Amino acid sequence: MKKRIVYLLCSVVLVLTASCSKDEEEPSLVSGEAKISNDTGISFANSTGFSADYVTFKLRKGTGAEKEYGQSLSNYSLTSLEQGSITIYQIQVFDNEEKVSFKSYTYDEDGNRREIKSTSIIEINQDEVLQIILESVE
């Protein structure tokens, strides 16, 4: 009888573990915003020690058409967007017209660093600018 209870408990633990596992390829929700102005949108910035002058990226809202955007990194630049969830992908960073390897992240409202992956879902809030920080790959 004890043997059957142990087998039953092991199978329950296995089912719970398998159902709670997370696929690494699924898009991740990023909802960190920086209160910069009364604008609504997205802005990229270089981290300390990282040098780049231009960034291109694509956005898709829901199942709508993708749109490509670009921003200068030499000064503050903002891409105005409507509030809501948007998928960001194909981010490319350039320095003197040469592609640069990078990592990107933002901070959530609790101050925790959240990585922006190749297919992250970003949340744009009304009257807030999502600031994405670019840094070198180590």
# chains A, B, ... in the order shown; residues from 1 in each chain; ligands from 1
>>> residues_around(residues="Gly70 in chain A", least_positions_apart="4", cutoff="8 Å", atoms="only C-alpha atoms", output="ChimeraX atom specification")
/A:54-57
>>> residues_around(residues="Thr87 in chain A", least_positions_apart="2", cutoff="6 Å", atoms="only C-alpha atoms", output="list of chain:residue names")
A:Leu59, A:Arg60, A:Ser120, A:Ile121
>>> atom_distance(atom1="CA of Glu109 in chain A", atom2="CA of Thr79 in chain A")
20.8 Å
>>> atom_distance(atom1="CA of Leu78 in chain A", atom2="CA of Phe102 in chain A")
19.8 Å
>>> closest_residue(among="A:Leu81, A:Val137, A:Ile5, A:Ile132", to="Phe44 in chain A", atoms="only C-alpha atoms")
A:Ile132
>>> residues_around(residues="Gly49 in chain A", least_positions_apart="4", cutoff="12 Å", atoms="only C-alpha atoms", output="list in words")
Ala45, Phe102, Ile133, Leu134, Glu135, Ser136 and Val137 of chain A
>>> write_last_selection(atoms="C-alpha atoms", output="PDB file, in the first residue's frame")
ATOM      1  CA  ALA A  45      19.242  55.079 -24.675  1.00  0.00           C
ATOM      2  CA  PHE A 102      24.187  44.572 -27.770  1.00  0.00           C
ATOM      3  CA  ILE A 133      18.618  50.778 -22.374  1.00  0.00           C
ATOM      4  CA  LEU A 134      21.262  49.304 -24.663  1.00  0.00           C
ATOM      5  CA  GLU A 135      24.540  47.857 -23.359  1.00  0.00           C
ATOM      6  CA  SER A 136      27.467  45.891 -24.730  1.00  0.00           C
ATOM      7  CA  VAL A 137      27.467  42.098 -24.793  1.00  0.00           C
TER       8      VAL A 137
END
>>> atom_distance(atom1="CA of Glu68 in chain A", atom2="CA of Phe50 in chain A")
23.5 Å
>>> residues_around(residues="Lys58 in chain A", least_positions_apart="5", cutoff="12 Å", atoms="only C-alpha atoms", output="PDB file with N, CA, C and O atoms, in the first residue's frame")
ATOM      1  N   ILE A  42       8.003  55.006 -26.929  1.00  0.00           N
ATOM      2  CA  ILE A  42       9.193  54.216 -26.626  1.00  0.00           C
ATOM      3  C   ILE A  42      10.428  55.039 -26.956  1.00  0.00           C
ATOM      4  O   ILE A  42      10.430  55.803 -27.925  1.00  0.00           O
ATOM      5  N   ALA A  65      -0.311  44.653 -39.131  1.00  0.00           N
ATOM      6  CA  ALA A  65       0.902  44.726 -39.946  1.00  0.00           C
ATOM      7  C   ALA A  65       2.067  45.249 -39.118  1.00  0.00           C
ATOM      8  O   ALA A  65       1.891  46.067 -38.219  1.00  0.00           O
ATOM      9  N   GLU A  66       3.253  44.768 -39.430  1.00  0.00           N
ATOM     10  CA  GLU A  66       4.454  45.242 -38.744  1.00  0.00           C
ATOM     11  C   GLU A  66       4.864  46.591 -39.318  1.00  0.00           C
ATOM     12  O   GLU A  66       4.613  46.884 -40.489  1.00  0.00           O
ATOM     13  N   LYS A  67       5.479  47.396 -38.463  1.00  0.00           N
ATOM     14  CA  LYS A  67       5.993  48.689 -38.895  1.00  0.00           C
ATOM     15  C   LYS A  67       7.424  48.797 -38.406  1.00  0.00           C
ATOM     16  O   LYS A  67       7.749  48.387 -37.304  1.00  0.00           O
ATOM     17  N   GLU A  68       8.282  49.347 -39.266  1.00  0.00           N
ATOM     18  CA  GLU A  68       9.687  49.527 -38.904  1.00  0.00           C
ATOM     19  C   GLU A  68       9.924  50.970 -38.480  1.00  0.00           C
ATOM     20  O   GLU A  68       9.398  51.896 -39.079  1.00  0.00           O
ATOM     21  N   TYR A  69      10.725  51.126 -37.420  1.00  0.00           N
ATOM     22  CA  TYR A  69      11.026  52.436 -36.862  1.00  0.00           C
ATOM     23  C   TYR A  69      12.533  52.585 -36.701  1.00  0.00           C
ATOM     24  O   TYR A  69      13.261  51.601 -36.679  1.00  0.00           O
ATOM     25  N   GLY A  70      12.973  53.804 -36.544  1.00  0.00           N
ATOM     26  CA  GLY A  70      14.369  54.079 -36.260  1.00  0.00           C
ATOM     27  C   GLY A  70      14.481  55.264 -35.313  1.00  0.00           C
ATOM     28  O   GLY A  70      13.610  56.132 -35.307  1.00  0.00           O
ATOM     29  N   GLN A  71      15.539  55.256 -34.497  1.00  0.00           N
ATOM     30  CA  GLN A  71      15.773  56.358 -33.570  1.00  0.00           C
ATOM     31  C   GLN A  71      17.246  56.694 -33.527  1.00  0.00           C
ATOM     32  O   GLN A  71      18.096  55.803 -33.555  1.00  0.00           O
ATOM     33  N   THR A  79       9.679  57.621 -30.100  1.00  0.00           N
ATOM     34  CA  THR A  79       8.735  57.137 -31.095  1.00  0.00           C
ATOM     35  C   THR A  79       7.373  57.148 -30.429  1.00  0.00           C
ATOM     36  O   THR A  79       7.136  56.398 -29.476  1.00  0.00           O
ATOM     37  N   ILE A  86       2.446  45.583 -27.379  1.00  0.00           N
ATOM     38  CA  ILE A  86       3.054  45.558 -28.712  1.00  0.00           C
ATOM     39  C   ILE A  86       4.220  44.583 -28.683  1.00  0.00           C
ATOM     40  O   ILE A  86       4.979  44.540 -27.711  1.00  0.00           O
ATOM     41  N   THR A  87       4.392  43.803 -29.750  1.00  0.00           N
ATOM     42  CA  THR A  87       5.547  42.922 -29.874  1.00  0.00           C
ATOM     43  C   THR A  87       6.673  43.699 -30.541  1.00  0.00           C
ATOM     44  O   THR A  87       6.481  44.315 -31.584  1.00  0.00           O
ATOM     45  N   ILE A  88       7.853  43.673 -29.928  1.00  0.00           N
ATOM     46  CA  ILE A  88       9.029  44.329 -30.495  1.00  0.00           C
ATOM     47  C   ILE A  88       9.997  43.246 -30.945  1.00  0.00           C
ATOM     48  O   ILE A  88      10.195  42.245 -30.252  1.00  0.00           O
ATOM     49  N   TYR A  89      10.576  43.418 -32.125  1.00  0.00           N
ATOM     50  CA  TYR A  89      11.511  42.424 -32.634  1.00  0.00           C
ATOM     51  C   TYR A  89      12.425  43.050 -33.686  1.00  0.00           C
ATOM     52  O   TYR A  89      12.226  44.191 -34.091  1.00  0.00           O
ATOM     53  N   GLN A  90      13.416  42.286 -34.083  1.00  0.00           N
ATOM     54  CA  GLN A  90      14.423  42.694 -35.070  1.00  0.00           C
ATOM     55  C   GLN A  90      15.055  44.036 -34.707  1.00  0.00           C
ATOM     56  O   GLN A  90      15.145  44.947 -35.529  1.00  0.00           O
ATOM     57  N   ILE A  91      15.499  44.140 -33.468  1.00  0.00           N
ATOM     58  CA  ILE A  91      16.206  45.339 -33.033  1.00  0.00           C
ATOM     59  C   ILE A  91      17.629  45.260 -33.568  1.00  0.00           C
ATOM     60  O   ILE A  91      18.296  44.242 -33.402  1.00  0.00           O
ATOM     61  N   GLN A  92      18.077  46.311 -34.231  1.00  0.00           N
ATOM     62  CA  GLN A  92      19.443  46.389 -34.733  1.00  0.00           C
ATOM     63  C   GLN A  92      20.037  47.713 -34.285  1.00  0.00           C
ATOM     64  O   GLN A  92      19.384  48.756 -34.381  1.00  0.00           O
ATOM     65  N   SER A 118      14.356  39.017 -28.291  1.00  0.00           N
ATOM     66  CA  SER A 118      14.056  39.257 -29.702  1.00  0.00           C
ATOM     67  C   SER A 118      12.564  39.314 -30.001  1.00  0.00           C
ATOM     68  O   SER A 118      12.162  39.916 -30.983  1.00  0.00           O
ATOM     69  N   THR A 119      11.732  38.695 -29.184  1.00  0.00           N
ATOM     70  CA  THR A 119      10.286  38.771 -29.394  1.00  0.00           C
ATOM     71  C   THR A 119       9.584  39.087 -28.082  1.00  0.00           C
ATOM     72  O   THR A 119       8.698  38.374 -27.653  1.00  0.00           O
ATOM     73  N   SER A 120       9.970  40.167 -27.462  1.00  0.00           N
ATOM     74  CA  SER A 120       9.327  40.574 -26.210  1.00  0.00           C
ATOM     75  C   SER A 120       8.036  41.321 -26.502  1.00  0.00           C
ATOM     76  O   SER A 120       7.916  42.026 -27.496  1.00  0.00           O
ATOM     77  N   ILE A 121       7.100  41.161 -25.603  1.00  0.00           N
ATOM     78  CA  ILE A 121       5.874  41.946 -25.661  1.00  0.00           C
ATOM     79  C   ILE A 121       6.064  43.092 -24.683  1.00  0.00           C
ATOM     80  O   ILE A 121       6.323  42.880 -23.507  1.00  0.00           O
TER      81      ILE A 121
END
>>> residues_around(residues="Asn96 in chain A", least_positions_apart="2", cutoff="8 Å", atoms="only C-alpha atoms", output="CSV table (one decimal) with N, CA and C atoms, in the first residue's frame")
chain,number,residue,atom,x,y,z
A,52,ALA,N,26.7,53.8,-29.4
A,52,ALA,CA,25.9,53.5,-30.6
A,52,ALA,C,25.2,54.8,-31.0
A,53,ASP,N,24.9,55.0,-32.3
A,53,ASP,CA,24.3,56.2,-32.7
A,53,ASP,C,23.0,56.1,-33.4
A,94,PHE,N,23.4,50.4,-34.5
A,94,PHE,CA,24.5,50.8,-35.4
A,94,PHE,C,25.4,51.9,-34.7
A,98,GLU,N,27.9,50.8,-38.8
A,98,GLU,CA,28.3,49.4,-38.6
A,98,GLU,C,27.4,48.8,-37.5
